Structure formats: structure tokens, C-alpha cells
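Okay, structure first, notes after.
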Amino acid sequence: MSRLAIDGGSPVRETPYPRGRGIELVDGEEIAGVTKVLEAKALFRYAYGALGTSDGVEAGLRERFRVPHALAVSSGTAGLYTALLALGVCAGDEVIVPAVTFVATVNAVVAARAVPVFAEVDESLTLDPASVEANLTPRTRAVVPVHLDNVAADLDPLLEVARRAGISVLEDAAQAAGVTYRGVPVGGIGDAGVLSFQQGKNITCGEGGAVLTTDQSVYERAAQFHDQGGQFVTATGSREHTAGVPTLGMNLRMTELAAAVLDVQLGRLDNVVTSCREHARTIRTATTGLGLRWRRMPDADGEGGSLMYFVSSPKLADRHAAALRAEGIPAGRMYDGMPVYLNQAVVDRRTVWADGCPFHCAHHPTNHRYGPGLCPRSEDLFGRSVIIGVSPVMTARDCADVALALHKVTAQLGD
Ligand SMILES: Cc1ncc(COP(=O)(O)O)c(C=O)c1O
């Protein structure tokens, strides 16, 4: 086997590699959609002469995700924040989140002034239902399964634990639009679900998100909250969601420009997910003989194309990622292989609020502490994981290059 590129050998490839998902497919259709909105001079959803683009996106989301209610919002984080409040999460409540996720999941919980409680992930790198159960207390109000990197969390047992405990399930499907669990799109299975359309996601409008729910009252509260509490009952346009008594709220609305891009991207979602799934499978099949320990998938039929595997130590995971990158393959260590509770702001329980809520709150005393050893299994598993990027526009040659690089790196470094 030839010398590794990281040791001075020739790399498997020197040509650039496609990295993005939906963003790679942007073409004249998205440009035409944005142009139409600009020509109408109605960039705001409720402007005079607005084209109803955000309304159209919500209709498309309802159909594609098979839910009766969908709300377009300004980001996935805004969606999580809105959904938590709409589900009734209050200051001082506990919300169970996985040890492995992007910090946005935690930020939304803290923004709602609730206390994040971290549960273990298993070999799927998604929430372990037994650990959720073990972390329940009388203050637990909700659990947030995160469908990390296009793999669905094991929702059936999670829903069962939540139902028994009488808590809400908010799916964080930011990284998994179009992924299915038992044939149903994730995001539309729990009490509420959230998608992200930030640039790196399966489909994108730069920044954007959506709240999905089957519960009309959750939808109404979310719609009202995200639009200044529904204060605009006399405004023009179609603010149908302002039927209730106005409250105080926020502005977390999507713009018509973003909606115009998203409207086109939504039509590309099936292609993105199917292509990425095929590419990931091709690469796993081509490397079967290596015996790589791929992450477990609670429902492999519905994955959206994820390539994450475990090696024997964090040090070796660093070396695998660096060696693959040197070969020209987009590999890495997701979130540096660290559980989110080791983020220094979480460890220090540092927020922007002067009163220290929810961590140092006079009204809702809590003694939660975050640091190494909190979820040892998650630390071990995630610490030994390597991720390889998958894109819908990868060619057969790109897939073959990944497989070749995996053979080369594994042969030299072991696993
Ligand atoms: C798991 C997870 N949740 C939430 C978010 C937040 O989405 P956004 O960036 O649209 O606010 C992200 C974004 O990367 C994410 O990965």
C-alpha cells in the first residue's frame, strides 16, 4: 500500500471535493424565485403586494412532512426556542437533551430559561432511551431527540418513555430534513419538530427554519409568539394565526427572499436525501472488507447519508481524520469529538442574563453541574468517532476515492 499523503506520499485526489448538500444544487430556479420577490418589491411576508411565498413554503412543508401545521421561521434555533415555549416549557423546567449535539439545542433550552439535562447517546450517536428514563425528575418537562447527521434517533422507545412520564417530545431534525423513521419523515413524529435551512443543511435558504406539529394549539402558540405575539390583527395580509388573544412575543419571521429560495429547495429535498443515502451506501459497501465500525442506525432504510465510524481511541480518530483530509477527502472530528456539555460556556453555566437564570436563579434553584465524566459512554463513543462529508453531487469517482482513501488510511493506521 502506498505511503500516506500525511507522511509525504501522493494523495488519493487533488481536485476539490463537493462539500455542501442543497447549496450545491442552487441554479437559475432559485435566482428566478428571488428575482420575482424583488420585482414585486415585497420582501416582507405581510407587505402590500406580497406574493405569499412564505405561505406557499408552509403548505409545501405540511405536505412533504405529512403534518397539519408548519411554521416558517428565521432559523432552526429560533424554531427550537419557539417550539419549546409553545409546548409549555417554563423557567426552571428541566429539558433532557443528548450529550452529543450542536450547541444550538442547548442554547434554545437556556433561552427558554429551562435547565438542560444531558442524557447518554448510544452507538447511533442519538439519545439512549434508558438514559432519558434515568434522568427524569418531577421537574422534567420535555425531551429533545436530535437526529444527528442524517440518522433518525430511535423514536419509538423514546416516545414510550416520554408518554409514560407525561413529558413533551421535541424533535431536533435540523440535521435530518427528509430522513425517515419507520417510513415517516422525522420532525413530524413527536409533539413538535424543528428543521434548519442554514447553508450546511440538506436544503437551504442561507438562514431559516421551520416548526412542525400535529397539535393545533402548539402551532397557534408558536405562530403567535414568532410574530410579536400576534399583535397585528388589523394589519393587511394573511396573518391567520392571530386568531387568539395577543400576547407579548418576538419577531422570528422568515423573509420572502429566504422563502423564495426555500420554495425551490424543498422540491430538491428527495433528490438530496436519496443521492446522499446512495453515496454513503456505495462507500460502506466498497469498504466492507475493512471491518470499519460504522455508527448504528435505528432505521437504516430512512437515513439521509451519514458516514461516521468509530476507531479504538480519540488519538487514532484525530489521526484518521487528518490522514483522510491529506488524501483530499472531507473528513473531520464532529464538534472536536466532544460532548456539548464540555463547551466552556456550559461548564461555566455562563449566560447573557444578568440574573443568571436558569443556572443561578433565585426563583428556581438548581444544582446541575456540567463537566467531564457526566455521560461517560457518550464521551467515549463520540471521542473515537470520525465523520466524512457526503454530498448529493458526488460522482461515482468521488465515492471510489473515499473508499480508496479509507483502505489506504486503515491499512497504515489500523482502526
Ligand atoms: C442539531 C442542530 N440543532 C439546531 C441547529 C440550529 O439551526 P440554525 O443554525 O438554523 O439556527 C443546528 C444547526 O446547525 C443543529 O445542527
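Numbering starts fresh at 1 for the residues of each chain in the C-alpha cells, the chains themselves are lettered A, B, ... in the order given, and ligands are numbered from 1 as they appear.
Residues lying within 9 Å of Arg45 of chain A, counting only C-alpha atoms and ignoring same-chain neighbours fewer than 4 positions away, are Ala50, Leu51, Gly52, Thr53, Ser54, Asp55, Gly237, Ser238, Arg253, Met254, Thr255 and Glu256 of chain A.
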Written file, previous selection with C-alpha atoms, as a short mmCIF file (atom, residue, chain, number, x, y, z; two decimals), in the first residue's frame:
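Result saved to again-v2.cif:
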```cif
data_model
loop_
_atom_site.label_atom_id
_atom_site.label_comp_id
_atom_site.auth_asym_id
_atom_site.auth_seq_id
_atom_site.Cartn_x
_atom_site.Cartn_y
_atom_site.Cartn_z
CA ALA A 50 -46.64 40.17 -1.14
CA LEU A 51 -46.58 37.04 -3.32
CA GLY A 52 -47.42 34.65 -0.50
CA THR A 53 -44.11 32.83 -0.87
CA SER A 54 -43.80 32.00 2.84
CA ASP A 55 -47.41 30.74 2.83
CA GLY A 237 -52.01 40.31 4.55
CA SER A 238 -52.93 36.87 5.78
CA ARG A 253 -40.28 35.50 10.99
CA MET A 254 -38.88 34.23 7.71
CA THR A 255 -38.34 36.75 4.91
CA GLU A 256 -39.92 36.34 1.49
#
```
Please report as JSON lines every residue of segment 334-362 of chain A lying within 7 Å of segment 369-393 of chain A, along with the nearest atom pair and their distance in Å (one decimal), using only C-alpha atoms.
```
{"residue": "A:Met334", "atom": "CA", "partner": "A:Ile387", "partner_atom": "CA", "distance": 6.4}
{"residue": "A:Gly337", "atom": "CA", "partner": "A:Gly383", "partner_atom": "CA", "distance": 4.4}
{"residue": "A:Met338", "atom": "CA", "partner": "A:Gly383", "partner_atom": "CA", "distance": 6.1}
{"residue": "A:Pro339", "atom": "CA", "partner": "A:Glu379", "partner_atom": "CA", "distance": 6.2}
{"residue": "A:Tyr341", "atom": "CA", "partner": "A:Tyr370", "partner_atom": "CA", "distance": 6.0}
{"residue": "A:Leu342", "atom": "CA", "partner": "A:Gly371", "partner_atom": "CA", "distance": 5.8}
{"residue": "A:Val346", "atom": "CA", "partner": "A:Tyr370", "partner_atom": "CA", "distance": 6.8}
{"residue": "A:Val347", "atom": "CA", "partner": "A:Tyr370", "partner_atom": "CA", "distance": 5.0}
```
Store the residues of this selection in a file with all heavy atoms, as a PDB file, in the first residue's frame.
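Dumped everything to selection25.pdb:
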```pdb
ATOM      1  N   MET A 334     -16.375  15.576  14.293  1.00  0.00           N
ATOM      2  CA  MET A 334     -17.550  16.408  14.532  1.00  0.00           C
ATOM      3  C   MET A 334     -17.453  17.035  15.930  1.00  0.00           C
ATOM      4  O   MET A 334     -17.229  16.327  16.911  1.00  0.00           O
ATOM      5  CB  MET A 334     -18.803  15.529  14.431  1.00  0.00           C
ATOM      6  CG  MET A 334     -20.083  16.312  14.356  1.00  0.00           C
ATOM      7  SD  MET A 334     -21.490  15.165  14.202  1.00  0.00           S
ATOM      8  CE  MET A 334     -22.708  16.255  13.486  1.00  0.00           C
ATOM      9  N   GLY A 337     -15.148  15.993  18.598  1.00  0.00           N
ATOM     10  CA  GLY A 337     -15.348  14.744  19.339  1.00  0.00           C
ATOM     11  C   GLY A 337     -15.727  14.968  20.795  1.00  0.00           C
ATOM     12  O   GLY A 337     -15.576  14.067  21.621  1.00  0.00           O
ATOM     13  N   MET A 338     -16.254  16.170  21.077  1.00  0.00           N
ATOM     14  CA  MET A 338     -16.578  16.499  22.487  1.00  0.00           C
ATOM     15  C   MET A 338     -18.077  16.613  22.700  1.00  0.00           C
ATOM     16  O   MET A 338     -18.768  17.267  21.916  1.00  0.00           O
ATOM     17  CB  MET A 338     -15.963  17.837  22.864  1.00  0.00           C
ATOM     18  CG  MET A 338     -14.488  17.757  23.149  1.00  0.00           C
ATOM     19  SD  MET A 338     -13.928  19.162  24.118  1.00  0.00           S
ATOM     20  CE  MET A 338     -14.911  20.512  23.558  1.00  0.00           C
ATOM     21  N   PRO A 339     -18.584  16.016  23.784  1.00  0.00           N
ATOM     22  CA  PRO A 339     -19.998  16.239  24.105  1.00  0.00           C
ATOM     23  C   PRO A 339     -20.251  17.732  24.312  1.00  0.00           C
ATOM     24  O   PRO A 339     -19.359  18.460  24.740  1.00  0.00           O
ATOM     25  CB  PRO A 339     -20.204  15.491  25.424  1.00  0.00           C
ATOM     26  CG  PRO A 339     -18.984  14.728  25.680  1.00  0.00           C
ATOM     27  CD  PRO A 339     -17.902  15.214  24.788  1.00  0.00           C
ATOM     28  N   TYR A 341     -21.790  19.316  26.476  1.00  0.00           N
ATOM     29  CA  TYR A 341     -21.707  19.881  27.835  1.00  0.00           C
ATOM     30  C   TYR A 341     -20.278  20.237  28.226  1.00  0.00           C
ATOM     31  O   TYR A 341     -20.058  20.822  29.286  1.00  0.00           O
ATOM     32  CB  TYR A 341     -22.355  18.948  28.870  1.00  0.00           C
ATOM     33  CG  TYR A 341     -21.755  17.552  28.952  1.00  0.00           C
ATOM     34  CD1 TYR A 341     -20.511  17.341  29.524  1.00  0.00           C
ATOM     35  CD2 TYR A 341     -22.451  16.459  28.458  1.00  0.00           C
ATOM     36  CE1 TYR A 341     -19.964  16.068  29.588  1.00  0.00           C
ATOM     37  CE2 TYR A 341     -21.918  15.191  28.521  1.00  0.00           C
ATOM     38  CZ  TYR A 341     -20.673  14.993  29.091  1.00  0.00           C
ATOM     39  OH  TYR A 341     -20.131  13.745  29.153  1.00  0.00           O
ATOM     40  N   LEU A 342     -19.295  19.888  27.380  1.00  0.00           N
ATOM     41  CA  LEU A 342     -17.924  20.325  27.657  1.00  0.00           C
ATOM     42  C   LEU A 342     -17.615  21.663  26.988  1.00  0.00           C
ATOM     43  O   LEU A 342     -16.511  22.195  27.129  1.00  0.00           O
ATOM     44  CB  LEU A 342     -16.911  19.257  27.235  1.00  0.00           C
ATOM     45  CG  LEU A 342     -16.971  17.975  28.078  1.00  0.00           C
ATOM     46  CD1 LEU A 342     -15.910  16.975  27.653  1.00  0.00           C
ATOM     47  CD2 LEU A 342     -16.827  18.288  29.573  1.00  0.00           C
ATOM     48  N   VAL A 346     -21.068  26.181  28.774  1.00  0.00           N
ATOM     49  CA  VAL A 346     -21.956  25.270  29.507  1.00  0.00           C
ATOM     50  C   VAL A 346     -21.301  24.899  30.837  1.00  0.00           C
ATOM     51  O   VAL A 346     -21.939  24.960  31.902  1.00  0.00           O
ATOM     52  CB  VAL A 346     -22.281  24.008  28.671  1.00  0.00           C
ATOM     53  CG1 VAL A 346     -23.176  23.059  29.462  1.00  0.00           C
ATOM     54  CG2 VAL A 346     -22.940  24.382  27.341  1.00  0.00           C
ATOM     55  N   VAL A 347     -20.019  24.522  30.772  1.00  0.00           N
ATOM     56  CA  VAL A 347     -19.303  24.151  32.004  1.00  0.00           C
ATOM     57  C   VAL A 347     -19.383  25.298  33.018  1.00  0.00           C
ATOM     58  O   VAL A 347     -19.660  25.081  34.207  1.00  0.00           O
ATOM     59  CB  VAL A 347     -17.818  23.813  31.693  1.00  0.00           C
ATOM     60  CG1 VAL A 347     -17.034  23.607  32.979  1.00  0.00           C
ATOM     61  CG2 VAL A 347     -17.725  22.572  30.804  1.00  0.00           C
TER      62      VAL A 347
END
```
Each residue of chain A with at least one atom at most 10 Å from ligand 1 should appear once, together with its nearest atom pair and the corresponding distance in Å (one decimal); atoms considered: only C-alpha atoms and all ligand atoms; ordering: chain, then increasing residue number; output as JSON lines.
```
{"residue": "A:Val73", "atom": "CA", "partner": "ligand 1", "partner_atom_place_in_ligand_line": "10 (O)", "distance": 9.3}
{"residue": "A:Ser74", "atom": "CA", "partner": "ligand 1", "partner_atom_place_in_ligand_line": "10 (O)", "distance": 7.6}
{"residue": "A:Ser75", "atom": "CA", "partner": "ligand 1", "partner_atom_place_in_ligand_line": "10 (O)", "distance": 3.9}
{"residue": "A:Gly76", "atom": "CA", "partner": "ligand 1", "partner_atom_place_in_ligand_line": "10 (O)", "distance": 3.4}
{"residue": "A:Thr77", "atom": "CA", "partner": "ligand 1", "partner_atom_place_in_ligand_line": "11 (O)", "distance": 3.7}
{"residue": "A:Ala78", "atom": "CA", "partner": "ligand 1", "partner_atom_place_in_ligand_line": "11 (O)", "distance": 6.3}
{"residue": "A:Gly79", "atom": "CA", "partner": "ligand 1", "partner_atom_place_in_ligand_line": "11 (O)", "distance": 7.7}
{"residue": "A:Leu80", "atom": "CA", "partner": "ligand 1", "partner_atom_place_in_ligand_line": "4 (C)", "distance": 7.3}
{"residue": "A:Tyr81", "atom": "CA", "partner": "ligand 1", "partner_atom_place_in_ligand_line": "11 (O)", "distance": 9.8}
{"residue": "A:Pro98", "atom": "CA", "partner": "ligand 1", "partner_atom_place_in_ligand_line": "1 (C)", "distance": 9.9}
{"residue": "A:Val100", "atom": "CA", "partner": "ligand 1", "partner_atom_place_in_ligand_line": "1 (C)", "distance": 8.9}
{"residue": "A:Thr101", "atom": "CA", "partner": "ligand 1", "partner_atom_place_in_ligand_line": "1 (C)", "distance": 5.3}
{"residue": "A:Phe102", "atom": "CA", "partner": "ligand 1", "partner_atom_place_in_ligand_line": "1 (C)", "distance": 4.7}
{"residue": "A:Val103", "atom": "CA", "partner": "ligand 1", "partner_atom_place_in_ligand_line": "3 (N)", "distance": 7.3}
{"residue": "A:Ala104", "atom": "CA", "partner": "ligand 1", "partner_atom_place_in_ligand_line": "4 (C)", "distance": 4.8}
{"residue": "A:Thr105", "atom": "CA", "partner": "ligand 1", "partner_atom_place_in_ligand_line": "3 (N)", "distance": 5.0}
{"residue": "A:Val106", "atom": "CA", "partner": "ligand 1", "partner_atom_place_in_ligand_line": "3 (N)", "distance": 8.6}
{"residue": "A:Asn107", "atom": "CA", "partner": "ligand 1", "partner_atom_place_in_ligand_line": "4 (C)", "distance": 9.0}
{"residue": "A:Ala108", "atom": "CA", "partner": "ligand 1", "partner_atom_place_in_ligand_line": "4 (C)", "distance": 8.5}
{"residue": "A:Val144", "atom": "CA", "partner": "ligand 1", "partner_atom_place_in_ligand_line": "3 (N)", "distance": 9.9}
{"residue": "A:Pro145", "atom": "CA", "partner": "ligand 1", "partner_atom_place_in_ligand_line": "1 (C)", "distance": 9.4}
{"residue": "A:Val146", "atom": "CA", "partner": "ligand 1", "partner_atom_place_in_ligand_line": "1 (C)", "distance": 5.9}
{"residue": "A:His147", "atom": "CA", "partner": "ligand 1", "partner_atom_place_in_ligand_line": "1 (C)", "distance": 7.2}
{"residue": "A:Leu148", "atom": "CA", "partner": "ligand 1", "partner_atom_place_in_ligand_line": "1 (C)", "distance": 6.2}
{"residue": "A:Asp149", "atom": "CA", "partner": "ligand 1", "partner_atom_place_in_ligand_line": "16 (O)", "distance": 8.0}
{"residue": "A:Glu171", "atom": "CA", "partner": "ligand 1", "partner_atom_place_in_ligand_line": "3 (N)", "distance": 9.5}
{"residue": "A:Asp172", "atom": "CA", "partner": "ligand 1", "partner_atom_place_in_ligand_line": "3 (N)", "distance": 5.7}
{"residue": "A:Ala173", "atom": "CA", "partner": "ligand 1", "partner_atom_place_in_ligand_line": "1 (C)", "distance": 6.8}
{"residue": "A:Ala174", "atom": "CA", "partner": "ligand 1", "partner_atom_place_in_ligand_line": "2 (C)", "distance": 4.8}
{"residue": "A:Gln175", "atom": "CA", "partner": "ligand 1", "partner_atom_place_in_ligand_line": "16 (O)", "distance": 5.3}
{"residue": "A:Ala176", "atom": "CA", "partner": "ligand 1", "partner_atom_place_in_ligand_line": "1 (C)", "distance": 8.7}
{"residue": "A:Val194", "atom": "CA", "partner": "ligand 1", "partner_atom_place_in_ligand_line": "4 (C)", "distance": 8.0}
{"residue": "A:Leu195", "atom": "CA", "partner": "ligand 1", "partner_atom_place_in_ligand_line": "7 (O)", "distance": 7.4}
{"residue": "A:Ser196", "atom": "CA", "partner": "ligand 1", "partner_atom_place_in_ligand_line": "10 (O)", "distance": 4.2}
{"residue": "A:Phe197", "atom": "CA", "partner": "ligand 1", "partner_atom_place_in_ligand_line": "10 (O)", "distance": 5.7}
{"residue": "A:Gln198", "atom": "CA", "partner": "ligand 1", "partner_atom_place_in_ligand_line": "10 (O)", "distance": 4.7}
{"residue": "A:Gln199", "atom": "CA", "partner": "ligand 1", "partner_atom_place_in_ligand_line": "9 (O)", "distance": 8.3}
{"residue": "A:Gly200", "atom": "CA", "partner": "ligand 1", "partner_atom_place_in_ligand_line": "14 (O)", "distance": 7.5}
{"residue": "A:Lys201", "atom": "CA", "partner": "ligand 1", "partner_atom_place_in_ligand_line": "14 (O)", "distance": 7.6}
{"residue": "A:Thr204", "atom": "CA", "partner": "ligand 1", "partner_atom_place_in_ligand_line": "10 (O)", "distance": 9.3}
{"residue": "A:Cys205", "atom": "CA", "partner": "ligand 1", "partner_atom_place_in_ligand_line": "10 (O)", "distance": 9.8}
{"residue": "A:Gly206", "atom": "CA", "partner": "ligand 1", "partner_atom_place_in_ligand_line": "10 (O)", "distance": 8.6}
{"residue": "A:Glu207", "atom": "CA", "partner": "ligand 1", "partner_atom_place_in_ligand_line": "10 (O)", "distance": 5.8}
{"residue": "A:Gly208", "atom": "CA", "partner": "ligand 1", "partner_atom_place_in_ligand_line": "10 (O)", "distance": 5.6}
{"residue": "A:Gly209", "atom": "CA", "partner": "ligand 1", "partner_atom_place_in_ligand_line": "10 (O)", "distance": 5.7}
{"residue": "A:Ala210", "atom": "CA", "partner": "ligand 1", "partner_atom_place_in_ligand_line": "10 (O)", "distance": 9.0}
```
- [ ] Would you list, as a list in words, the residues of segment 54-149 of chain A that end up in strand (DSSP E or B) under DSSP run on this structure's backbone?
- [x]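 DSSP on the backbone gives strand (DSSP E or B) at His69, Ala70, Leu71, Ala72, Val73, Glu94, Val95, Ile96, Val97, Pro98, Val115, Pro116, Val117, Phe118, Ala119, Val121, Leu127, Thr140, Arg141, Ala142, Val143 and Val146 of chain A.
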Keeping only N, CA and C atoms, write the selected residues to a file as a compact mmCIF listing (two decimals), in the first residue's frame.
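Once written, selection_13.txt looks like this:
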```txt
# COMPACT_ATOMS: atom_id res chain seq x y z
N HIS A 69 -49.63 21.16 10.49
CA HIS A 69 -49.20 22.53 10.78
C HIS A 69 -47.69 22.69 10.57
N ALA A 70 -47.31 23.76 9.85
CA ALA A 70 -45.90 24.07 9.66
C ALA A 70 -45.74 25.59 9.73
N LEU A 71 -44.72 26.03 10.42
CA LEU A 71 -44.46 27.46 10.58
C LEU A 71 -43.04 27.76 10.12
N ALA A 72 -42.91 28.64 9.13
CA ALA A 72 -41.58 29.06 8.67
C ALA A 72 -41.03 30.10 9.64
N VAL A 73 -39.78 29.92 10.05
CA VAL A 73 -39.15 30.86 10.99
C VAL A 73 -37.75 31.23 10.49
N GLU A 94 -36.88 21.29 33.58
CA GLU A 94 -35.73 20.56 33.04
C GLU A 94 -36.08 20.00 31.66
N VAL A 95 -35.14 20.12 30.74
CA VAL A 95 -35.33 19.58 29.39
C VAL A 95 -34.15 18.65 29.09
N ILE A 96 -34.47 17.40 28.77
CA ILE A 96 -33.42 16.41 28.51
C ILE A 96 -32.96 16.52 27.05
N VAL A 97 -31.66 16.67 26.89
CA VAL A 97 -31.06 16.75 25.55
C VAL A 97 -29.92 15.73 25.47
N PRO A 98 -29.55 15.32 24.26
CA PRO A 98 -28.43 14.35 24.16
C PRO A 98 -27.09 15.00 24.48
N VAL A 115 -33.57 24.34 32.23
CA VAL A 115 -32.27 23.77 32.59
C VAL A 115 -31.99 22.56 31.69
N PRO A 116 -30.88 22.59 30.91
CA PRO A 116 -30.57 21.41 30.11
C PRO A 116 -30.03 20.28 30.96
N VAL A 117 -30.57 19.09 30.73
CA VAL A 117 -30.10 17.88 31.43
C VAL A 117 -29.60 16.93 30.34
N PHE A 118 -28.36 16.50 30.47
CA PHE A 118 -27.75 15.73 29.39
C PHE A 118 -27.88 14.24 29.61
N ALA A 119 -28.39 13.54 28.59
CA ALA A 119 -28.51 12.08 28.65
C ALA A 119 -27.53 11.47 27.66
N VAL A 121 -25.87 9.17 24.70
CA VAL A 121 -26.18 8.62 23.39
C VAL A 121 -25.63 7.20 23.34
N LEU A 127 -29.95 9.81 21.17
CA LEU A 127 -30.37 9.57 22.56
C LEU A 127 -30.64 8.11 22.89
N THR A 140 -38.85 17.48 35.03
CA THR A 140 -38.65 17.27 33.58
C THR A 140 -39.92 17.66 32.83
N ARG A 141 -39.75 18.51 31.81
CA ARG A 141 -40.93 18.97 31.06
C ARG A 141 -40.91 18.48 29.61
N ALA A 142 -39.70 18.22 29.10
CA ALA A 142 -39.60 17.81 27.68
C ALA A 142 -38.28 17.09 27.43
N VAL A 143 -38.26 16.35 26.31
CA VAL A 143 -37.02 15.72 25.86
C VAL A 143 -36.83 16.09 24.39
N VAL A 146 -32.25 14.42 19.08
CA VAL A 146 -31.58 15.09 17.96
C VAL A 146 -31.23 14.03 16.92
```
TODO: Step one, run DSSP on the backbone; step two, keep only residues of segment 187-361 of chain A assigned to helix (DSSP H, G or I); then write them as a VMD selection string.
DONE: chain A and resid 216 to 226 240 to 243 256 to 266 269 to 286 288 to 290 300 to 302 314 to 326 334 to 337 340 to 342 344 to 347
Show me a table, sorted first by chain and then by increasing residue number, of the residues of segment 45-154 of chain A having an atom at most 10 Å from segment 305-319 of chain A, each with its shortest atom pair and the distance in Å to one decimal, counting only C-alpha atoms and written as a Markdown table.
```
| residue | atom | partner | partner_atom | distance |
| --- | --- | --- | --- | --- |
| A:Glu123 | CA | A:Phe310 | CA | 9.0 |
| A:Ser124 | CA | A:Met308 | CA | 9.5 |
| A:Leu125 | CA | A:Met308 | CA | 9.4 |
| A:Leu148 | CA | A:Ser306 | CA | 9.1 |
| A:Asp149 | CA | A:Ser306 | CA | 6.1 |
| A:Asn150 | CA | A:Ser306 | CA | 5.9 |
| A:Val151 | CA | A:Ser306 | CA | 6.9 |
```
- [ ] May I ask which of the residues A:Cys357, A:Val110, A:Leu262, A:Val179 is the closest one to Met297 of chain A, counting only C-alpha atoms?
- [x] A:Val179
Task: Best match for closeness to Asp215 of chain A among A:Leu266, A:Leu87, A:Gly249, A:Ala260, counting only C-alpha atoms - done: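 Closest candidate: A:Leu87.
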Task: Test item: residues at most 12 Å from Asp27 of chain A, only C-alpha atoms, excluding those fewer than 4 positions along its chain, as a ChimeraX atom specification - done: /A:22-23,31-34,261,264-265,268
TODO: Can you pull out every residue within 9 Å of Leu324 of chain A, counting only C-alpha atoms, but drop anything in the same chain fewer than 3 positions away, and send it as a list in words?
DONE: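 My list of contacting residues is Leu4, Ala5, Ile6, Arg319, His320, Ala321, Glu327, Gly328, Ile329, Pro330, Ala331, Gly332, Ile388, Val402, Ala405, Leu406, Lys408 and Val409 of chain A.
One distance worth recording is that between atom CA of Arg62 of chain A and atom CA of Pro298 of chain A, which is 24.8 Å.
Computed from the coordinates, the atom CA of Gln216 of chain A to atom CA of Gly244 of chain A distance equals 12.0 Å.
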Task: Length of the atom CA of Gly304 of chain A to atom CA of Val273 of chain A vector [Å] - done: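 Going from atom CA of Gly304 of chain A over to atom CA of Val273 of chain A covers 4.9 Å.
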